[in-house]
Amino acid sequence: MKFKTNSRTPDQTTCVLEIEGEVDVYTSPELKQNLVKLAEDGVKHVIVNLSRVEYLDSTGLGVLIGGLKRLREIEGNLVLVGPGMRILRIFEITGLDKIFDIYQTDEEAAAKEGVSL
Amino acid sequence: MSSFQPAPSQGDTVELVIPCRPEFVGIARLAVLGIASRMPFSYDEVEDVRLAVGEACTHAVERAGDSSAVIRITSVINPNTLAITITDDVPAGANSSSRSEETIILEEAGIDQEGLGALLMEILVDDVKIETGPTGTTVRLMKNAPE
């Protein structure tokens, strides 16, 4: 199954995490590990780029919500960027589009979150 | 999909049995994608069926923990309706894996992970029935083609 993440940290407290492929019950534990590690490393702002995600299910949503909650507790945030129509629809039908900040591009997300890329 | 496929016959049935483990759920989704593509469904409707079946299998896998349980996916193809039954043999109360930190975080936030999966199924297909018995759970999904 195709699943890959790629991250870059423009500064000590900001990370852009690009996810590629399918996020499901098999792959979401790896995504969770990524997010937990970032928080342990002191990252407070995570920009999750979903533009190359082809499939996302309730376990993927759960991991993203978990990450969001952890970061907001330390006055950080986890924002989403560039979900395709199918992925965006999943957030919309579950009402989670009102919980997450969703942006078109990494640049827009960084500007709105007040972080540098 | 190709327009050269013959129309599905009344009651054609496809069965798939997979181990009730996370790495096999993608195989079930792939098979269902192929089956749903034979129906007069739009691209979005095919994707809806794929996600709903994925959620049903995930529900089984999450209850199974590390077990030898299996999931049987039976798809009955009618000209305008696709009926998919997802049956597992995970006994009731077999949740061997303790509640994950994620589940706890979600509960604190007032979100039920299992509820998210059920909500998705409800929205994505026309009819959902979940029957839980002592020897396993059966999820019946029904998707109708547009009139």
# chains A, B, ... in the order shown; residues from 1 in each chain; ligands from 1

$ interface_residues --of "chain A" --to "chain B" --cutoff "10 Å" --atoms "only C-alpha atoms" --output "PyMOL selection string"
chain A and resi 1+22+24-27+29+32+55-59+61-67+69-70+85-86+90+93-94

$ residues_around --residues "segment 125-136 of chain B" --least-positions-apart "6" --cutoff "12 Å" --atoms "only C-alpha atoms" --output "PyMOL selection string"
chain B and resi 20+41+44-53+55-56+59-61+63-64+69-72+81-95+117-119+142-146

$ select_by_dssp --residues "segment 4-77 of chain B" --states "strand (DSSP E or B)" --output "NGL selection string"
:B and (12-19 or 70-77)

$ atom_distance --atom1 "atom CA of Asp41 of chain A" --atom2 "atom CA of Asp11 of chain A"
11.6 Å

$ closest_residue --among "A:Leu71, A:Arg89, A:Gly60, A:Asn49" --to "Thr105 of chain A" --atoms "only C-alpha atoms"
A:Asn49

$ residues_around --residues "Tyr103 of chain A" --least-positions-apart "5" --cutoff "10 Å" --atoms "only C-alpha atoms" --output "PyMOL selection string"
chain A and resi 47-49+79-83+108-110+112

$ write_last_selection --atoms "all heavy atoms" --output "PDB file, in the first residue's frame"
ATOM      1  N   ILE A  47       1.917  22.048   9.616  1.00  0.00           N
ATOM      2  CA  ILE A  47       1.136  22.268   8.396  1.00  0.00           C
ATOM      3  C   ILE A  47       1.110  20.929   7.660  1.00  0.00           C
ATOM      4  O   ILE A  47       2.146  20.452   7.192  1.00  0.00           O
ATOM      5  CB  ILE A  47       1.788  23.370   7.528  1.00  0.00           C
ATOM      6  CG1 ILE A  47       1.792  24.709   8.292  1.00  0.00           C
ATOM      7  CG2 ILE A  47       1.064  23.501   6.188  1.00  0.00           C
ATOM      8  CD1 ILE A  47       2.584  25.815   7.612  1.00  0.00           C
ATOM      9  N   VAL A  48      -0.042  20.296   7.637  1.00  0.00           N
ATOM     10  CA  VAL A  48      -0.158  18.970   7.018  1.00  0.00           C
ATOM     11  C   VAL A  48      -0.667  19.147   5.589  1.00  0.00           C
ATOM     12  O   VAL A  48      -1.805  19.578   5.375  1.00  0.00           O
ATOM     13  CB  VAL A  48      -1.120  18.065   7.817  1.00  0.00           C
ATOM     14  CG1 VAL A  48      -1.243  16.700   7.139  1.00  0.00           C
ATOM     15  CG2 VAL A  48      -0.631  17.893   9.253  1.00  0.00           C
ATOM     16  N   ASN A  49       0.197  18.832   4.655  1.00  0.00           N
ATOM     17  CA  ASN A  49      -0.195  18.967   3.249  1.00  0.00           C
ATOM     18  C   ASN A  49      -0.823  17.650   2.779  1.00  0.00           C
ATOM     19  O   ASN A  49      -0.178  16.601   2.749  1.00  0.00           O
ATOM     20  CB  ASN A  49       1.027  19.320   2.400  1.00  0.00           C
ATOM     21  CG  ASN A  49       0.636  19.697   0.992  1.00  0.00           C
ATOM     22  OD1 ASN A  49      -0.102  18.966   0.331  1.00  0.00           O
ATOM     23  ND2 ASN A  49       1.111  20.840   0.528  1.00  0.00           N
ATOM     24  N   VAL A  79      -2.758  22.486  10.965  1.00  0.00           N
ATOM     25  CA  VAL A  79      -3.649  22.951   9.898  1.00  0.00           C
ATOM     26  C   VAL A  79      -3.476  22.062   8.669  1.00  0.00           C
ATOM     27  O   VAL A  79      -2.462  21.378   8.516  1.00  0.00           O
ATOM     28  CB  VAL A  79      -3.391  24.435   9.541  1.00  0.00           C
ATOM     29  CG1 VAL A  79      -3.572  25.322  10.765  1.00  0.00           C
ATOM     30  CG2 VAL A  79      -2.007  24.624   8.925  1.00  0.00           C
ATOM     31  N   LEU A  80      -4.486  22.070   7.840  1.00  0.00           N
ATOM     32  CA  LEU A  80      -4.483  21.204   6.661  1.00  0.00           C
ATOM     33  C   LEU A  80      -4.368  22.040   5.397  1.00  0.00           C
ATOM     34  O   LEU A  80      -4.908  23.146   5.323  1.00  0.00           O
ATOM     35  CB  LEU A  80      -5.780  20.393   6.621  1.00  0.00           C
ATOM     36  CG  LEU A  80      -6.115  19.612   7.897  1.00  0.00           C
ATOM     37  CD1 LEU A  80      -7.483  18.954   7.770  1.00  0.00           C
ATOM     38  CD2 LEU A  80      -5.030  18.574   8.173  1.00  0.00           C
ATOM     39  N   VAL A  81      -3.669  21.471   4.411  1.00  0.00           N
ATOM     40  CA  VAL A  81      -3.458  22.192   3.155  1.00  0.00           C
ATOM     41  C   VAL A  81      -3.801  21.310   1.962  1.00  0.00           C
ATOM     42  O   VAL A  81      -3.426  20.129   1.920  1.00  0.00           O
ATOM     43  CB  VAL A  81      -1.983  22.660   3.051  1.00  0.00           C
ATOM     44  CG1 VAL A  81      -1.658  23.140   1.639  1.00  0.00           C
ATOM     45  CG2 VAL A  81      -1.688  23.753   4.055  1.00  0.00           C
ATOM     46  N   GLY A  82      -4.528  21.898   1.039  1.00  0.00           N
ATOM     47  CA  GLY A  82      -4.709  21.338  -0.300  1.00  0.00           C
ATOM     48  C   GLY A  82      -5.402  20.003  -0.451  1.00  0.00           C
ATOM     49  O   GLY A  82      -5.065  19.256  -1.385  1.00  0.00           O
ATOM     50  N   PRO A  83      -6.391  19.673   0.413  1.00  0.00           N
ATOM     51  CA  PRO A  83      -7.043  18.372   0.195  1.00  0.00           C
ATOM     52  C   PRO A  83      -7.785  18.353  -1.137  1.00  0.00           C
ATOM     53  O   PRO A  83      -8.372  19.365  -1.524  1.00  0.00           O
ATOM     54  CB  PRO A  83      -8.026  18.267   1.367  1.00  0.00           C
ATOM     55  CG  PRO A  83      -8.282  19.678   1.794  1.00  0.00           C
ATOM     56  CD  PRO A  83      -7.017  20.427   1.524  1.00  0.00           C
ATOM     57  N   GLU A 108      -0.225  30.081   2.107  1.00  0.00           N
ATOM     58  CA  GLU A 108      -1.409  30.689   2.720  1.00  0.00           C
ATOM     59  C   GLU A 108      -1.526  30.254   4.185  1.00  0.00           C
ATOM     60  O   GLU A 108      -1.801  31.072   5.073  1.00  0.00           O
ATOM     61  CB  GLU A 108      -2.659  30.263   1.934  1.00  0.00           C
ATOM     62  CG  GLU A 108      -3.920  30.955   2.417  1.00  0.00           C
ATOM     63  CD  GLU A 108      -5.203  30.314   1.860  1.00  0.00           C
ATOM     64  OE1 GLU A 108      -5.105  29.393   1.023  1.00  0.00           O
ATOM     65  OE2 GLU A 108      -6.285  30.736   2.291  1.00  0.00           O
ATOM     66  N   ALA A 109      -1.288  28.961   4.425  1.00  0.00           N
ATOM     67  CA  ALA A 109      -1.376  28.436   5.794  1.00  0.00           C
ATOM     68  C   ALA A 109      -0.354  29.124   6.685  1.00  0.00           C
ATOM     69  O   ALA A 109      -0.677  29.550   7.804  1.00  0.00           O
ATOM     70  CB  ALA A 109      -1.149  26.924   5.781  1.00  0.00           C
ATOM     71  N   ALA A 110       0.878  29.257   6.200  1.00  0.00           N
ATOM     72  CA  ALA A 110       1.942  29.878   6.998  1.00  0.00           C
ATOM     73  C   ALA A 110       1.596  31.327   7.312  1.00  0.00           C
ATOM     74  O   ALA A 110       1.759  31.778   8.455  1.00  0.00           O
ATOM     75  CB  ALA A 110       3.271  29.792   6.246  1.00  0.00           C
ATOM     76  N   LYS A 112      -1.402  32.733   7.448  1.00  0.00           N
ATOM     77  CA  LYS A 112      -2.530  32.824   8.393  1.00  0.00           C
ATOM     78  C   LYS A 112      -2.123  32.396   9.803  1.00  0.00           C
ATOM     79  O   LYS A 112      -2.646  32.897  10.787  1.00  0.00           O
ATOM     80  CB  LYS A 112      -3.690  31.944   7.907  1.00  0.00           C
ATOM     81  CG  LYS A 112      -4.378  32.462   6.651  1.00  0.00           C
ATOM     82  CD  LYS A 112      -5.426  33.492   7.015  1.00  0.00           C
ATOM     83  CE  LYS A 112      -6.020  34.218   5.815  1.00  0.00           C
ATOM     84  NZ  LYS A 112      -6.617  33.381   4.818  1.00  0.00           N
TER      85      LYS A 112
END

$ closest_residue --among "A:Ala39, A:Glu107, A:Glu54, A:Asn34" --to "Gly21 of chain A" --atoms "only C-alpha atoms"
A:Glu54

$ atom_distance --atom1 "atom CA of Thr74 of chain B" --atom2 "atom CA of Ser42 of chain B"
21.5 Å

$ select_by_dssp --residues "segment 9-45 of chain B" --states "alpha helix (DSSP H)" --output "CSV table (one decimal) with N, CA, C and O atoms, in the first residue's frame"
chain,number,residue,atom,x,y,z
B,22,PRO,N,-5.0,-5.2,9.8
B,22,PRO,CA,-5.0,-3.9,9.1
B,22,PRO,C,-4.4,-3.9,7.7
B,22,PRO,O,-4.9,-3.3,6.8
B,23,GLU,N,-3.4,-4.8,7.4
B,23,GLU,CA,-2.7,-4.7,6.1
B,23,GLU,C,-3.6,-5.3,5.0
B,23,GLU,O,-3.2,-5.2,3.8
B,24,PHE,N,-4.7,-6.0,5.4
B,24,PHE,CA,-5.5,-6.6,4.3
B,24,PHE,C,-6.7,-5.7,4.0
B,24,PHE,O,-7.4,-6.1,3.0
B,25,VAL,N,-7.0,-4.7,4.7
B,25,VAL,CA,-8.2,-3.9,4.5
B,25,VAL,C,-8.1,-3.2,3.1
B,25,VAL,O,-9.1,-3.1,2.3
B,26,GLY,N,-6.9,-2.9,2.7
B,26,GLY,CA,-6.7,-2.2,1.4
B,26,GLY,C,-7.1,-3.2,0.2
B,26,GLY,O,-7.5,-2.8,-0.8
B,27,ILE,N,-6.9,-4.5,0.4
B,27,ILE,CA,-7.2,-5.5,-0.6
B,27,ILE,C,-8.7,-5.5,-0.7
B,27,ILE,O,-9.2,-5.6,-1.9
B,28,ALA,N,-9.4,-5.5,0.4
B,28,ALA,CA,-10.9,-5.5,0.3
B,28,ALA,C,-11.4,-4.3,-0.4
B,28,ALA,O,-12.3,-4.3,-1.3
B,29,ARG,N,-10.8,-3.1,-0.2
B,29,ARG,CA,-11.2,-1.9,-0.8
B,29,ARG,C,-11.0,-2.0,-2.3
B,29,ARG,O,-11.8,-1.5,-3.1
B,30,LEU,N,-9.8,-2.5,-2.7
B,30,LEU,CA,-9.5,-2.7,-4.1
B,30,LEU,C,-10.5,-3.6,-4.8
B,30,LEU,O,-10.9,-3.2,-5.9
B,31,ALA,N,-10.8,-4.7,-4.2
B,31,ALA,CA,-11.8,-5.6,-4.8
B,31,ALA,C,-13.1,-4.9,-5.0
B,31,ALA,O,-13.8,-5.0,-6.0
B,32,VAL,N,-13.5,-4.2,-3.9
B,32,VAL,CA,-14.9,-3.5,-4.0
B,32,VAL,C,-14.9,-2.4,-5.0
B,32,VAL,O,-15.9,-2.2,-5.7
B,33,LEU,N,-13.7,-1.8,-5.2
B,33,LEU,CA,-13.6,-0.7,-6.2
B,33,LEU,C,-13.9,-1.3,-7.6
B,33,LEU,O,-14.7,-0.8,-8.4
B,34,GLY,N,-13.4,-2.5,-7.8
B,34,GLY,CA,-13.6,-3.2,-9.1
B,34,GLY,C,-15.0,-3.6,-9.3
B,34,GLY,O,-15.6,-3.4,-10.3
B,35,ILE,N,-15.6,-4.1,-8.2
B,35,ILE,CA,-17.0,-4.5,-8.3
B,35,ILE,C,-18.0,-3.3,-8.5
B,35,ILE,O,-18.8,-3.3,-9.3
B,36,ALA,N,-17.8,-2.3,-7.7
B,36,ALA,CA,-18.6,-1.1,-7.8
B,36,ALA,C,-18.5,-0.4,-9.1
B,36,ALA,O,-19.4,0.2,-9.6
B,43,TYR,N,-18.4,8.2,-10.5
B,43,TYR,CA,-17.1,8.1,-9.9
B,43,TYR,C,-17.2,8.3,-8.4
B,43,TYR,O,-16.6,7.5,-7.6
B,44,ASP,N,-17.9,9.3,-8.0
B,44,ASP,CA,-18.1,9.6,-6.5
B,44,ASP,C,-18.8,8.5,-5.8
B,44,ASP,O,-18.5,8.1,-4.7
B,45,GLU,N,-19.8,7.9,-6.5
B,45,GLU,CA,-20.6,6.8,-5.8
B,45,GLU,C,-19.7,5.6,-5.7
B,45,GLU,O,-19.8,4.9,-4.6

$ residues_around --residues "Ile19 of chain A" --least-positions-apart "4" --cutoff "7 Å" --atoms "only C-alpha atoms" --output "list of chain:residue names"
A:Lys4, A:Thr5, A:Asn6, A:Asn49, A:Leu50, A:Arg52, A:Val53
